[in-house]
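Printed here is data36.txt (compact mmCIF, C-alpha atoms):
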```
# COMPACT_ATOMS: atom_id res chain seq x y z
CA MET X 85 23.02 12.26 -10.60
CA CYS X 86 20.16 13.12 -8.28
CA LEU X 87 18.46 9.80 -8.90
CA CYS X 88 21.73 7.95 -8.33
CA ARG X 89 22.23 9.73 -5.01
CA THR X 90 18.65 9.02 -3.94
CA ARG X 91 19.11 5.33 -4.77
CA GLY X 92 22.39 5.18 -2.81
CA GLN X 93 24.62 4.99 -5.88
CA VAL X 94 27.04 7.62 -4.59
CA ALA X 95 30.06 6.56 -6.67
CA GLU X 96 28.06 6.72 -9.92
CA ALA X 97 26.63 10.12 -8.93
CA SER X 98 30.13 11.45 -8.22
CA ARG X 99 31.37 10.15 -11.56
CA LEU X 100 28.49 11.85 -13.39
CA GLU X 101 29.10 15.09 -11.50
CA THR X 102 32.76 15.05 -12.50
CA VAL X 103 31.81 14.50 -16.15
CA LEU X 104 29.30 17.36 -15.95
CA HIS X 105 31.84 19.73 -14.43
CA ASP X 106 34.31 18.81 -17.19
CA GLN X 107 31.66 19.54 -19.84
CA VAL X 108 30.43 22.85 -18.40
CA SER X 109 32.23 25.93 -19.65
CA ALA X 110 34.52 27.72 -17.23
CA GLY X 111 32.34 30.83 -17.32
CA PHE X 112 29.27 28.99 -16.01
CA ASN X 113 28.12 30.29 -12.65
CA GLU X 114 28.68 27.72 -9.87
CA GLU X 115 25.68 29.04 -7.92
CA ALA X 116 23.43 28.53 -10.94
CA LEU X 117 24.71 24.97 -11.26
CA GLN X 118 23.94 24.29 -7.59
CA GLU X 119 20.44 25.72 -8.06
CA ILE X 120 19.91 23.35 -11.00
CA PHE X 121 21.03 20.43 -8.81
CA LEU X 122 18.62 21.45 -6.03
CA ASN X 123 15.69 21.75 -8.46
CA GLU X 124 16.47 18.36 -9.98
CA GLN X 125 16.79 16.82 -6.52
CA LYS X 126 13.30 18.15 -5.67
CA ARG X 127 11.93 16.70 -8.91
CA VAL X 128 13.42 13.29 -8.18
CA ILE X 129 12.00 13.30 -4.64
CA ASP X 130 8.55 14.32 -5.97
CA ALA X 131 8.68 11.56 -8.58
CA LEU X 132 9.63 8.95 -5.98
CA MET X 133 6.82 10.06 -3.66
CA LEU X 134 4.35 9.85 -6.54
CA ALA X 135 5.60 6.36 -7.37
CA GLU X 136 5.12 5.29 -3.74
CA VAL X 137 1.50 6.46 -3.88
CA LEU X 138 0.69 5.18 -7.37
CA GLY X 139 2.53 1.86 -7.12
CA PRO X 140 0.10 0.17 -4.73
CA LEU X 141 -2.90 1.67 -6.54
CA LEU X 142 -1.69 0.36 -9.89
CA THR X 143 -0.95 -3.04 -8.41
CA GLU X 144 -4.44 -3.21 -6.94
CA HIS X 145 -6.01 -2.11 -10.23
CA LEU X 146 -4.01 -4.59 -12.32
CA THR X 147 -4.82 -7.41 -9.91
CA ALA X 148 -8.52 -6.64 -10.23
CA ILE X 149 -8.29 -6.55 -14.03
CA THR X 150 -6.35 -9.82 -14.10
CA THR X 151 -8.95 -11.49 -11.88
CA VAL X 152 -11.84 -10.31 -14.07
CA THR X 153 -10.00 -11.37 -17.24
CA ALA X 154 -9.20 -14.79 -15.79
CA ARG X 155 -12.84 -15.31 -14.90
CA ALA X 156 -13.96 -14.24 -18.38
CA HIS X 157 -11.56 -16.68 -20.07
CA ALA X 158 -12.24 -19.58 -17.70
CA PRO X 159 -14.08 -22.41 -19.43
CA ALA X 160 -17.74 -22.50 -18.56
CA ALA X 161 -18.84 -25.41 -16.47
CA ARG X 162 -20.51 -27.95 -18.73
CA SER X 163 -23.34 -30.05 -17.55
CA SER X 164 -22.43 -33.66 -17.57
CA PRO X 165 -24.29 -35.78 -20.11
CA ARG X 166 -24.53 -38.46 -17.47
CA PRO X 167 -26.51 -38.13 -14.27
CA ALA X 168 -24.47 -37.50 -11.17
CA THR X 169 -23.81 -40.57 -9.13
CA THR X 170 -24.96 -40.49 -5.57
CA GLY X 171 -23.31 -43.67 -4.46
CA ARG X 172 -26.39 -45.76 -5.19
CA PRO X 173 -26.81 -47.96 -8.28
CA LEU X 174 -28.35 -46.20 -11.26
CA ALA X 175 -32.04 -46.80 -11.70
CA ILE X 176 -33.48 -47.55 -15.09
CA ALA X 177 -34.95 -44.04 -15.23
CA ASP X 178 -31.45 -42.58 -14.72
CA LEU X 179 -30.06 -44.72 -17.53
CA ILE X 180 -32.87 -43.68 -19.89
CA GLU X 181 -32.39 -40.00 -18.95
CA GLY X 182 -28.67 -40.30 -19.68
CA MET X 183 -29.35 -41.87 -23.08
CA LEU X 184 -31.85 -39.13 -23.95
CA MET X 185 -29.37 -36.41 -22.95
CA GLN X 186 -26.70 -37.98 -25.16
CA GLU X 187 -29.12 -38.14 -28.05
CA ARG X 188 -30.11 -34.48 -27.60
CA THR X 189 -26.45 -33.46 -27.49
CA THR X 190 -25.72 -35.42 -30.67
CA ARG X 191 -28.69 -33.85 -32.48
CA SER X 192 -27.77 -30.31 -31.44
CA HIS X 193 -24.22 -30.76 -32.79
CA THR X 194 -25.39 -32.11 -36.16
CA VAL X 195 -27.81 -29.24 -36.84
```

Would you encode the structure as structure tokens?
Amino acid sequence: MCLCRTRGQVAEASRLETVLHDQVSAGFNEEALQEIFLNEQKRVIDALMLAEVLGPLLTEHLTAITTVTARAHAPAARSSPRPATTGRPLAIADLIEGMLMQERTTRSHTV
């Protein structure tokens, strides 16, 4: 009931209060019941304040973990077996270097 009232669900809180009053024995002290309501209302308010403080902290922590995890699972950048093109035609030395790199890659995979 207290949580419903705090969240603005007044009709639901009233319905629950009616059910509670119907279930409580006639000899139950009304003042004791009101004291229980007040204590529960304080607990709900404390819980909501704690959630307001912890919510942003947890979001920040989970974002940091997600970022670290994403970086850890990202594929490592592979070096290209071909020399990078610079807009100029490849020289013979570049072609030979590319062939040697391919050969080294092939040998390392067959071992």

ask   = So which residues touch X:Met85 within 7 Å, counting only C-alpha atoms, skipping near sequence neighbours fewer than 6 positions away, as a ChimeraX atom specification?
value = /X:97,100-101

Using all atoms listed in the file, the shortest atom-to-atom distance to X:Leu87 among X:Arg99, X:Arg127, X:Glu114, X:Ile120 belongs to X:Arg127

Review point. For X:Phe121, which residue out of X:Glu96, X:Met185, X:Arg89, X:Arg191 is the nearest one, using all atoms listed in the file?
Key: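 Ranked by minimum distance to X:Phe121, first place goes to X:Arg89.
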
query: Expressed in Å to a single decimal, how great is the separation between atom CA of X:Asp106 and atom CA of X:Gln118?
result: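 Straight-line distance from atom CA of X:Asp106 to atom CA of X:Gln118 works out to 15.2 Å.
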
Figure out the distance between atom CA of X:Gln93 and atom CA of X:Glu124, please, to one decimal in Å.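 We find that atom CA of X:Glu124 and atom CA of X:Gln93 lie 16.2 Å from each other.
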
Would you work out the distance separating atom CA of X:Leu117 from atom CA of X:His105, expressed in Å to one decimal?
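One can read the atom CA of X:Leu117 to atom CA of X:His105 distance as 9.4 Å.
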
From the list X:Thr90, X:Glu187, X:Ala175, X:Thr143, the nearest residue to X:Ile129 using all atoms listed in the file is X:Thr90

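You can rank X:Val108, X:Ile149, X:Cys86, X:Val137 by their closest distance to X:Gln125 using all atoms listed in the file, and at the top of that list sits X:Cys86.
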